[in-house]
Structures are given as C-alpha cells and as structure tokens.
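So the structure is just underneath, and the comments pick up after that.
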Amino acid sequence: MGDILQFFDNIPIGSPEESVLNSMMYEFFRYRCFKNTMQREAIIEIMKRDSDVIVSLPKGYGRTMCFQLPVIVSIQKVSIVFVALTSRIKVQIQRLKNKNNYVEVLSSKTTADQWSRIFNNIHKFCNMLSSKNTVLYMTLELASSFFLMHLMQYLVLNNELGFIVVDEAYHENYWSLGQSKEYNGLRKLRKTFQSVPWIVTTADGSTEVINRIKTTLCLHTHRPELPKDSISCYGFFKDDVCLDR
C-alpha cells in the first residue's frame with residue numbers, strides 16, 4: 001500500500017495554464033491535471049521521441065491517455081494502434097472522434113476497397129491545411145499484411161507517421177507463451193521501420209513480460225548517444241525490473 005501512496009506524490013494540481021502539458025490535457029480532454037506522476041512522466045518521455053517507451057499501469061490509472069495525448073498533438077500525422085480485441089476500444093475511439101480526429105478500425109475482414117478508401121482519406125487529411133489527425137486501430141494479424149506495409153512505406157516516405165502503439169493491456173499472458181505469428185509480424189514491422197517511436201502499454205509489469213516485450217519487438221532508443229537497449233519504462237512493476245527512465 002505504501003508504494004501505491006508514494007505513486008501519487010507530487011501530482012500536478014494547479015490550473016492548466018501552469019504548464020504546457022496541463023494546458024494540452026485541458027484543451028483536448030478537459031482534465032485539469034494528470035492522474036499521477038507516472039502518467040505525466042511517461043507522456044513527457046513519449047513526446048520527446050528519443051526512445052521506444054513501455055507503460056505498465058492497471059485499469060483506471062491513465063494508461064490509455066499516455067498514448068492518446070501524444071497522438072492527438074502530432075498534427076497531421078497518422079498513428080497506428082494495435083489491439084488484441086476491438087470490442088474493448090469503443091470508448092477510446094469515441095473520445096478521439098469527439099476531438100475531430102479521423103479514426104478507423106481495421107481487421108482481417110477489412111476489404112481491399114475499404115483499405116483504398118482509408119488510404120485516400122489519409123492522403124487528403126495529411127495534405128490539407130487541417131489539424132485533423134488520423135488514428136488507425138487494427139488487430140495484430142494485420143502487422144504482416146501487404147496493405148499495411150504499403151501504407152507504412154507511404155507514410156514514412158512523406159514524414160506522416162506519428163507513433164506505433166501496441167496496446168496489449170488485456171493479453172499480457174500471451175507474451176509468456178512465446179513468439180506467436182502475430183508478434184513476429186510486429187517484430188518484422190519494427191525492424192523494417194526503425195525510425196518511428198513505439199509505445200507499448202501493459203497492465204502487467206513483471207520481469208518476464210517486460211523482457212519478452214523488449215526482445216520480441218526489438219525496442220530501442222532513437223538517439224545515437226543513448227544505449228540502444230536503454231528503453232524507458234514507466235508504471236507499477238511486480239518485481240525488480242531493471243529500468244532506464
């Protein structure tokens with residue numbers, strides 16, 4: 001219990017004008033402060049784009065906001081969020097749509113015509129004087145799809161790719177079962193597009209899960225002066241995970 005109480009020390013409680021981040025939280029989500037210091041520190045690190053970031057926070061502690069705020073403030077960018085279950089993200093999607101973002105959900109059932117429509121919409125939104133961002137939620141099996149690889153190549157070439165997010169909050173146990181076909185697809189995607197920052201969220205901060213995520217996804221830093229494997233991790237951790245924050 002003491003660790004949990006310490007987690008809430010020094011939470012920003014001032015008005016949104018007291019910091020840029022608080023101002024953005026209020027502008028986009030009408031929250032006057034962050035839920036906890038770990039949420040704030042994770043968002044700051046993510047927005048630096050110096051490193052891939054792992055966030056381990058249980059339900060109700062602001063895990064989703066850690067990637068939603070950086071995604072929203074990345075003007076005229078496309079961010080991709082991998083999820084295990086699309087049924088869990090209705091609230092996330094509605095919140096983003098309410099802020100005038102273009103949001104789509106893709107799965108193995110998405111047709112070629114639907115991919116083409118989405119691609120055309122992305123091209124339009126990224127090439128017009130608009131603050132509209134694009135967020136594509138998709139299931140894990142699409143990581144190896146031709147359509148996604150084609151889209152990623154286009155976005156990287158035109159400097160329109162914001163973040164890649166792996167939101168595995170509800171399926172941490174899958175990581176301990178070995179490298180499945182879906183995770184191998186994510187690994188290939190990570191190794192192909194190394195300059196794009198990745199954000200991985202989880203509710204399980206055990207050593208096994210964190211190390212499996214780091215190894216499977218080949219997470220790394222993005223500045224040459226930083227050690228490649230010095231990945232930033234934020235949140236609650238069940239045991240002595242070696243962290244570089």
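A note on labels: chains of the structure tokens are A, B, ... as shown, every chain counts residues from 1, and ligands are counted from 1 in their shown order.
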All strand (DSSP E or B) residues (DSSP, backbone) inside segment 138-172 of chain A, as a PDB file with N, CA, C and O atoms, in the first residue's frame:
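Written file, part-v9.pdb:
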```pdb
ATOM      1  N   MET A 138      -6.061  -1.386 -35.255  1.00  0.00           N
ATOM      2  CA  MET A 138      -6.080  -2.621 -36.021  1.00  0.00           C
ATOM      3  C   MET A 138      -5.660  -3.811 -35.170  1.00  0.00           C
ATOM      4  O   MET A 138      -4.923  -3.664 -34.183  1.00  0.00           O
ATOM      5  N   THR A 139      -6.147  -4.964 -35.556  1.00  0.00           N
ATOM      6  CA  THR A 139      -5.820  -6.188 -34.837  1.00  0.00           C
ATOM      7  C   THR A 139      -4.449  -6.699 -35.265  1.00  0.00           C
ATOM      8  O   THR A 139      -3.933  -6.334 -36.319  1.00  0.00           O
ATOM      9  N   LEU A 161       4.036   9.640 -40.465  1.00  0.00           N
ATOM     10  CA  LEU A 161       3.766   8.613 -39.461  1.00  0.00           C
ATOM     11  C   LEU A 161       4.095   9.143 -38.080  1.00  0.00           C
ATOM     12  O   LEU A 161       5.210   9.597 -37.826  1.00  0.00           O
ATOM     13  N   GLY A 162       3.117   9.118 -37.188  1.00  0.00           N
ATOM     14  CA  GLY A 162       3.295   9.655 -35.849  1.00  0.00           C
ATOM     15  C   GLY A 162       3.903   8.645 -34.894  1.00  0.00           C
ATOM     16  O   GLY A 162       5.097   8.666 -34.605  1.00  0.00           O
ATOM     17  N   PHE A 163       3.074   7.747 -34.372  1.00  0.00           N
ATOM     18  CA  PHE A 163       3.519   6.724 -33.430  1.00  0.00           C
ATOM     19  C   PHE A 163       2.932   5.370 -33.814  1.00  0.00           C
ATOM     20  O   PHE A 163       1.884   5.294 -34.448  1.00  0.00           O
ATOM     21  N   ILE A 164       3.633   4.320 -33.397  1.00  0.00           N
ATOM     22  CA  ILE A 164       3.087   2.975 -33.429  1.00  0.00           C
ATOM     23  C   ILE A 164       2.834   2.563 -31.980  1.00  0.00           C
ATOM     24  O   ILE A 164       3.728   2.651 -31.144  1.00  0.00           O
ATOM     25  N   VAL A 165       1.612   2.145 -31.701  1.00  0.00           N
ATOM     26  CA  VAL A 165       1.228   1.766 -30.341  1.00  0.00           C
ATOM     27  C   VAL A 165       0.825   0.298 -30.329  1.00  0.00           C
ATOM     28  O   VAL A 165       0.077  -0.153 -31.204  1.00  0.00           O
ATOM     29  N   VAL A 166       1.334  -0.449 -29.354  1.00  0.00           N
ATOM     30  CA  VAL A 166       0.889  -1.823 -29.132  1.00  0.00           C
ATOM     31  C   VAL A 166       0.180  -1.836 -27.783  1.00  0.00           C
ATOM     32  O   VAL A 166       0.817  -1.791 -26.730  1.00  0.00           O
ATOM     33  N   ASP A 167      -1.138  -1.851 -27.829  1.00  0.00           N
ATOM     34  CA  ASP A 167      -1.943  -1.787 -26.610  1.00  0.00           C
ATOM     35  C   ASP A 167      -2.351  -3.209 -26.226  1.00  0.00           C
ATOM     36  O   ASP A 167      -3.421  -3.676 -26.582  1.00  0.00           O
TER      37      ASP A 167
END
```
With 6 Å as the cut-off and only C-alpha atoms counted, what is the closest atom pair between each nearby residue of segment 47-88 of chain A and segment 200-214 of chain A? Distances in Å to one decimal, ordered by chain and number, as CSV.
```
residue,atom,partner,partner_atom,distance
A:Ile54,CA,A:Val200,CA,4.8
A:Val55,CA,A:Thr201,CA,4.7
A:Ser56,CA,A:Thr202,CA,4.7
A:Leu57,CA,A:Ala203,CA,5.0
A:Pro58,CA,A:Ala203,CA,4.7
```
Practice problem: Show which residues sit within 7 Å of Leu136 of chain A, as a PyMOL selection string. Count only C-alpha atoms, and ignore same-chain residues fewer than 6 positions away. | Solution: chain A and resi 79-81+103-105
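If you measure from each of A:Ala112, A:Val53, A:Val196, A:Leu140 to Gln153 of chain A using only C-alpha atoms, the closest one turns out to be A:Val196.
All residues of protein, DNA or RNA that reach within 8 Å of Leu69 of chain A, judged by only C-alpha atoms and not counting those fewer than 4 positions away in the chain, are Met25, Phe28, Ile43, Met65 and Val73 of chain A.
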Export, as a PDB file, in the first residue's frame, the selected residues with all heavy atoms.
```pdb
ATOM      1  N   MET A  25      -3.744  18.888 -21.784  1.00  0.00           N
ATOM      2  CA  MET A  25      -4.686  17.945 -21.185  1.00  0.00           C
ATOM      3  C   MET A  25      -6.068  18.577 -21.054  1.00  0.00           C
ATOM      4  O   MET A  25      -7.097  17.944 -21.313  1.00  0.00           O
ATOM      5  CB  MET A  25      -4.183  17.508 -19.807  1.00  0.00           C
ATOM      6  CG  MET A  25      -3.095  16.463 -19.851  1.00  0.00           C
ATOM      7  SD  MET A  25      -3.694  14.830 -20.330  1.00  0.00           S
ATOM      8  CE  MET A  25      -4.481  14.306 -18.817  1.00  0.00           C
ATOM      9  N   PHE A  28      -7.700  19.249 -24.771  1.00  0.00           N
ATOM     10  CA  PHE A  28      -8.171  18.094 -25.531  1.00  0.00           C
ATOM     11  C   PHE A  28      -9.109  17.180 -24.749  1.00  0.00           C
ATOM     12  O   PHE A  28      -9.990  16.550 -25.329  1.00  0.00           O
ATOM     13  CB  PHE A  28      -6.975  17.281 -26.028  1.00  0.00           C
ATOM     14  CG  PHE A  28      -6.158  17.983 -27.065  1.00  0.00           C
ATOM     15  CD1 PHE A  28      -4.852  18.369 -26.808  1.00  0.00           C
ATOM     16  CD2 PHE A  28      -6.699  18.278 -28.314  1.00  0.00           C
ATOM     17  CE1 PHE A  28      -4.096  19.020 -27.770  1.00  0.00           C
ATOM     18  CE2 PHE A  28      -5.955  18.941 -29.277  1.00  0.00           C
ATOM     19  CZ  PHE A  28      -4.651  19.317 -29.006  1.00  0.00           C
ATOM     20  N   ILE A  43       4.251  10.461 -20.563  1.00  0.00           N
ATOM     21  CA  ILE A  43       3.843  11.301 -21.688  1.00  0.00           C
ATOM     22  C   ILE A  43       4.977  12.220 -22.114  1.00  0.00           C
ATOM     23  O   ILE A  43       5.234  12.413 -23.308  1.00  0.00           O
ATOM     24  CB  ILE A  43       2.574  12.104 -21.327  1.00  0.00           C
ATOM     25  CG1 ILE A  43       1.378  11.155 -21.209  1.00  0.00           C
ATOM     26  CG2 ILE A  43       2.290  13.182 -22.372  1.00  0.00           C
ATOM     27  CD1 ILE A  43       0.110  11.810 -20.722  1.00  0.00           C
ATOM     28  N   MET A  65      -4.379   7.255 -21.836  1.00  0.00           N
ATOM     29  CA  MET A  65      -4.037   8.655 -22.067  1.00  0.00           C
ATOM     30  C   MET A  65      -2.564   8.836 -22.397  1.00  0.00           C
ATOM     31  O   MET A  65      -2.182   9.789 -23.083  1.00  0.00           O
ATOM     32  CB  MET A  65      -4.399   9.486 -20.829  1.00  0.00           C
ATOM     33  CG  MET A  65      -4.302  10.986 -21.042  1.00  0.00           C
ATOM     34  SD  MET A  65      -5.485  11.577 -22.266  1.00  0.00           S
ATOM     35  CE  MET A  65      -7.015  11.174 -21.436  1.00  0.00           C
ATOM     36  N   VAL A  73      -1.662  15.462 -30.338  1.00  0.00           N
ATOM     37  CA  VAL A  73      -0.887  16.689 -30.557  1.00  0.00           C
ATOM     38  C   VAL A  73       0.091  16.561 -31.729  1.00  0.00           C
ATOM     39  O   VAL A  73       0.738  17.537 -32.083  1.00  0.00           O
ATOM     40  CB  VAL A  73      -0.133  17.129 -29.277  1.00  0.00           C
ATOM     41  CG1 VAL A  73      -1.109  17.368 -28.147  1.00  0.00           C
ATOM     42  CG2 VAL A  73       0.919  16.108 -28.883  1.00  0.00           C
TER      43      VAL A  73
END
```
Quiz item: Residues of segment 9-239 of chain A in alpha helix (DSSP H) according to DSSP, as a PyMOL selection string?
Solution: chain A and resi 20-29+37-48+65-73+90-98+112-126+146-157+172-175+181-192+207-217
Quiz item: Given the choices A:Asp229, A:Glu168, A:Asn22, A:Ser144, which gets closest to Arg187 of chain A if the distance is worked out from only C-alpha atoms?
Solution: A:Ser144
Quiz item: atom CA of Asn120 of chain A to atom CA of Asn184 of chain A: how many Å, to one decimal?
Solution: 28.5 Å
Can you list, as a compact mmCIF listing (two decimals) with N, CA, C and O atoms, in the first residue's frame, every protein, DNA or RNA residue that comes within 9 Å of Lys99 of chain A when you count only C-alpha atoms, leaving out same-chain residues fewer than 6 positions away?
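Result file follows (part-v3.txt):
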```txt
# COMPACT_ATOMS: atom_id res chain seq x y z
N PHE A 28 -7.70 19.25 -24.77
CA PHE A 28 -8.17 18.09 -25.53
C PHE A 28 -9.11 17.18 -24.75
O PHE A 28 -9.99 16.55 -25.33
N PHE A 29 -8.93 17.10 -23.41
CA PHE A 29 -9.70 16.13 -22.65
C PHE A 29 -10.43 16.73 -21.45
O PHE A 29 -11.13 16.02 -20.74
N ILE A 72 -2.70 12.85 -30.39
CA ILE A 72 -3.55 13.97 -30.76
C ILE A 72 -2.74 15.22 -31.08
O ILE A 72 -3.08 15.98 -31.98
N LYS A 132 -6.65 17.96 -38.33
CA LYS A 132 -7.20 16.62 -38.16
C LYS A 132 -6.08 15.57 -38.23
O LYS A 132 -5.30 15.54 -39.17
```
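Nearest residue to Ser51 of chain A among A:Trp198, A:Glu225, A:Arg117, A:Thr215 is A:Trp198, counting only C-alpha atoms.
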Got a sec: who's within 12 Å of Ile122 of chain A, counting only C-alpha atoms, leaving out chain neighbours fewer than 5 positions off, as a compact mmCIF listing (two decimals) with N, CA, C and O atoms, in the first residue's frame?
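Dumped to selection_5.txt:
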```
# COMPACT_ATOMS: atom_id res chain seq x y z
N GLN A 76 -1.45 16.50 -38.13
CA GLN A 76 -1.40 15.97 -39.50
C GLN A 76 -0.50 14.74 -39.61
O GLN A 76 0.25 14.57 -40.56
N LYS A 77 -0.61 13.88 -38.60
CA LYS A 77 0.13 12.63 -38.60
C LYS A 77 -0.84 11.45 -38.52
O LYS A 77 -1.99 11.60 -38.11
N VAL A 78 -0.35 10.31 -38.91
CA VAL A 78 -1.11 9.07 -38.80
C VAL A 78 -0.45 8.20 -37.75
O VAL A 78 0.75 7.92 -37.82
N SER A 79 -1.21 7.77 -36.75
CA SER A 79 -0.70 6.85 -35.74
C SER A 79 -1.46 5.54 -35.83
O SER A 79 -2.66 5.52 -36.13
N ASN A 101 -10.77 13.90 -34.76
CA ASN A 101 -9.76 13.04 -35.36
C ASN A 101 -10.45 12.05 -36.31
O ASN A 101 -11.60 11.65 -36.10
N TYR A 102 -9.73 11.67 -37.33
CA TYR A 102 -10.22 10.65 -38.25
C TYR A 102 -9.78 9.29 -37.70
O TYR A 102 -8.59 9.02 -37.59
N VAL A 103 -10.74 8.45 -37.35
CA VAL A 103 -10.45 7.17 -36.71
C VAL A 103 -11.08 6.03 -37.51
O VAL A 103 -12.24 6.11 -37.91
N GLU A 104 -10.31 4.98 -37.72
CA GLU A 104 -10.81 3.79 -38.39
C GLU A 104 -10.38 2.56 -37.60
O GLU A 104 -9.34 2.57 -36.92
N TRP A 115 -9.57 -0.57 -47.60
CA TRP A 115 -8.20 -0.09 -47.47
C TRP A 115 -7.95 1.08 -48.42
O TRP A 115 -7.34 2.08 -48.04
N SER A 116 -8.44 0.97 -49.63
CA SER A 116 -8.25 2.04 -50.62
C SER A 116 -8.93 3.32 -50.18
O SER A 116 -8.37 4.42 -50.32
N ARG A 117 -10.15 3.20 -49.64
CA ARG A 117 -10.88 4.38 -49.16
C ARG A 117 -10.12 5.04 -48.01
O ARG A 117 -9.97 6.27 -47.97
N ASN A 127 -2.59 16.22 -46.41
CA ASN A 127 -2.16 17.18 -47.42
C ASN A 127 -3.11 18.38 -47.52
O ASN A 127 -3.19 19.02 -48.55
N MET A 128 -3.79 18.66 -46.45
CA MET A 128 -4.65 19.84 -46.41
C MET A 128 -4.31 20.63 -45.16
O MET A 128 -3.75 20.09 -44.20
N SER A 130 -5.21 21.42 -42.21
CA SER A 130 -6.17 20.98 -41.21
C SER A 130 -5.42 20.43 -40.00
O SER A 130 -4.30 19.95 -40.11
N LYS A 132 -6.65 17.96 -38.33
CA LYS A 132 -7.20 16.62 -38.16
C LYS A 132 -6.08 15.57 -38.23
O LYS A 132 -5.30 15.54 -39.17
N ASN A 133 -6.03 14.74 -37.22
CA ASN A 133 -5.09 13.62 -37.20
C ASN A 133 -5.81 12.33 -37.54
O ASN A 133 -7.04 12.25 -37.49
N THR A 134 -5.05 11.31 -37.89
CA THR A 134 -5.60 10.01 -38.20
C THR A 134 -5.10 8.98 -37.20
O THR A 134 -3.91 8.92 -36.92
N VAL A 135 -6.01 8.17 -36.67
CA VAL A 135 -5.65 7.08 -35.78
C VAL A 135 -6.28 5.81 -36.34
O VAL A 135 -7.49 5.73 -36.51
N LEU A 136 -5.43 4.83 -36.65
CA LEU A 136 -5.90 3.56 -37.19
C LEU A 136 -5.75 2.48 -36.12
O LEU A 136 -4.65 2.13 -35.73
N LEU A 151 1.06 0.99 -46.82
CA LEU A 151 0.67 2.24 -46.16
C LEU A 151 1.84 2.80 -45.35
O LEU A 151 2.12 4.01 -45.41
N MET A 152 2.54 1.95 -44.60
CA MET A 152 3.66 2.41 -43.79
C MET A 152 4.77 3.01 -44.65
O MET A 152 5.35 4.04 -44.31
N TYR A 154 4.48 4.46 -47.50
CA TYR A 154 4.00 5.76 -47.96
C TYR A 154 4.12 6.82 -46.86
O TYR A 154 4.60 7.94 -47.09
N LEU A 155 3.69 6.46 -45.64
CA LEU A 155 3.71 7.41 -44.53
C LEU A 155 5.13 7.81 -44.14
O LEU A 155 5.40 8.99 -43.88
N ASN A 158 6.70 10.18 -46.69
CA ASN A 158 6.14 11.53 -46.65
C ASN A 158 6.17 12.16 -45.26
O ASN A 158 5.55 13.20 -45.04
N GLU A 160 4.77 11.32 -42.46
CA GLU A 160 3.41 11.47 -41.95
C GLU A 160 3.06 10.42 -40.89
O GLU A 160 1.91 10.33 -40.47
N LEU A 161 4.04 9.64 -40.46
CA LEU A 161 3.77 8.61 -39.46
C LEU A 161 4.09 9.14 -38.08
O LEU A 161 5.21 9.60 -37.83
```
Exercise. Please provide as a PyMOL selection string all residues within 9 Å of Glu141 of chain A, with the sequence filter that same-chain residues fewer than 6 positions apart are discarded (counting only C-alpha atoms).
Key: chain A and resi 107-108+181-183+185-186
Preceding selection exported with all heavy atoms as a short mmCIF file (atom, residue, chain, number, x, y, z; two decimals), in the first residue's frame:
```cif
data_model
loop_
_atom_site.label_atom_id
_atom_site.label_comp_id
_atom_site.auth_asym_id
_atom_site.auth_seq_id
_atom_site.Cartn_x
_atom_site.Cartn_y
_atom_site.Cartn_z
N SER A 107 -9.39 -4.83 -39.47
CA SER A 107 -9.13 -6.21 -39.06
C SER A 107 -8.91 -7.05 -40.31
O SER A 107 -8.86 -6.52 -41.43
CB SER A 107 -10.31 -6.75 -38.25
OG SER A 107 -11.45 -6.92 -39.08
N SER A 108 -8.82 -8.34 -40.13
CA SER A 108 -8.64 -9.23 -41.28
C SER A 108 -9.86 -9.21 -42.19
O SER A 108 -9.79 -9.66 -43.34
CB SER A 108 -8.38 -10.67 -40.79
OG SER A 108 -9.44 -11.10 -39.95
N LYS A 181 2.76 -15.99 -34.30
CA LYS A 181 2.83 -15.43 -35.64
C LYS A 181 2.54 -13.93 -35.63
O LYS A 181 3.19 -13.15 -36.32
CB LYS A 181 1.83 -16.14 -36.56
CG LYS A 181 1.80 -15.62 -37.98
CD LYS A 181 0.78 -16.37 -38.81
CE LYS A 181 0.70 -15.81 -40.24
NZ LYS A 181 -0.32 -16.52 -41.05
N GLU A 182 1.56 -13.51 -34.81
CA GLU A 182 1.20 -12.10 -34.75
C GLU A 182 2.35 -11.25 -34.22
O GLU A 182 2.65 -10.18 -34.74
CB GLU A 182 -0.04 -11.89 -33.87
CG GLU A 182 -1.33 -12.39 -34.49
CD GLU A 182 -1.53 -13.88 -34.30
OE1 GLU A 182 -0.67 -14.51 -33.65
OE2 GLU A 182 -2.53 -14.42 -34.80
N TYR A 183 3.02 -11.73 -33.18
CA TYR A 183 4.11 -10.97 -32.60
C TYR A 183 5.33 -10.95 -33.51
O TYR A 183 6.08 -9.98 -33.54
CB TYR A 183 4.47 -11.50 -31.22
CG TYR A 183 3.37 -11.30 -30.22
CD1 TYR A 183 2.91 -12.33 -29.42
CD2 TYR A 183 2.76 -10.06 -30.09
CE1 TYR A 183 1.89 -12.13 -28.50
CE2 TYR A 183 1.74 -9.85 -29.19
CZ TYR A 183 1.30 -10.89 -28.40
OH TYR A 183 0.29 -10.68 -27.51
N GLY A 185 5.02 -10.74 -36.65
CA GLY A 185 4.65 -9.70 -37.60
C GLY A 185 4.99 -8.33 -37.08
O GLY A 185 5.51 -7.47 -37.80
N LEU A 186 4.73 -8.10 -35.78
CA LEU A 186 5.09 -6.82 -35.18
C LEU A 186 6.60 -6.63 -35.16
O LEU A 186 7.10 -5.53 -35.39
CB LEU A 186 4.55 -6.75 -33.75
CG LEU A 186 3.03 -6.61 -33.58
CD1 LEU A 186 2.65 -6.72 -32.11
CD2 LEU A 186 2.53 -5.30 -34.17
#
```
Practice problem: Find the distance between atom CA of Leu148 of chain A and atom CA of Cys66 of chain A and write it in Å to one decimal. | Solution: 24.1 Å
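Minimum atom-to-atom distances from A:Lys90, A:Leu217, A:Cys126, A:Thr111 to Ala143 of chain A were compared using only C-alpha atoms, and the lowest value belongs to A:Leu217.
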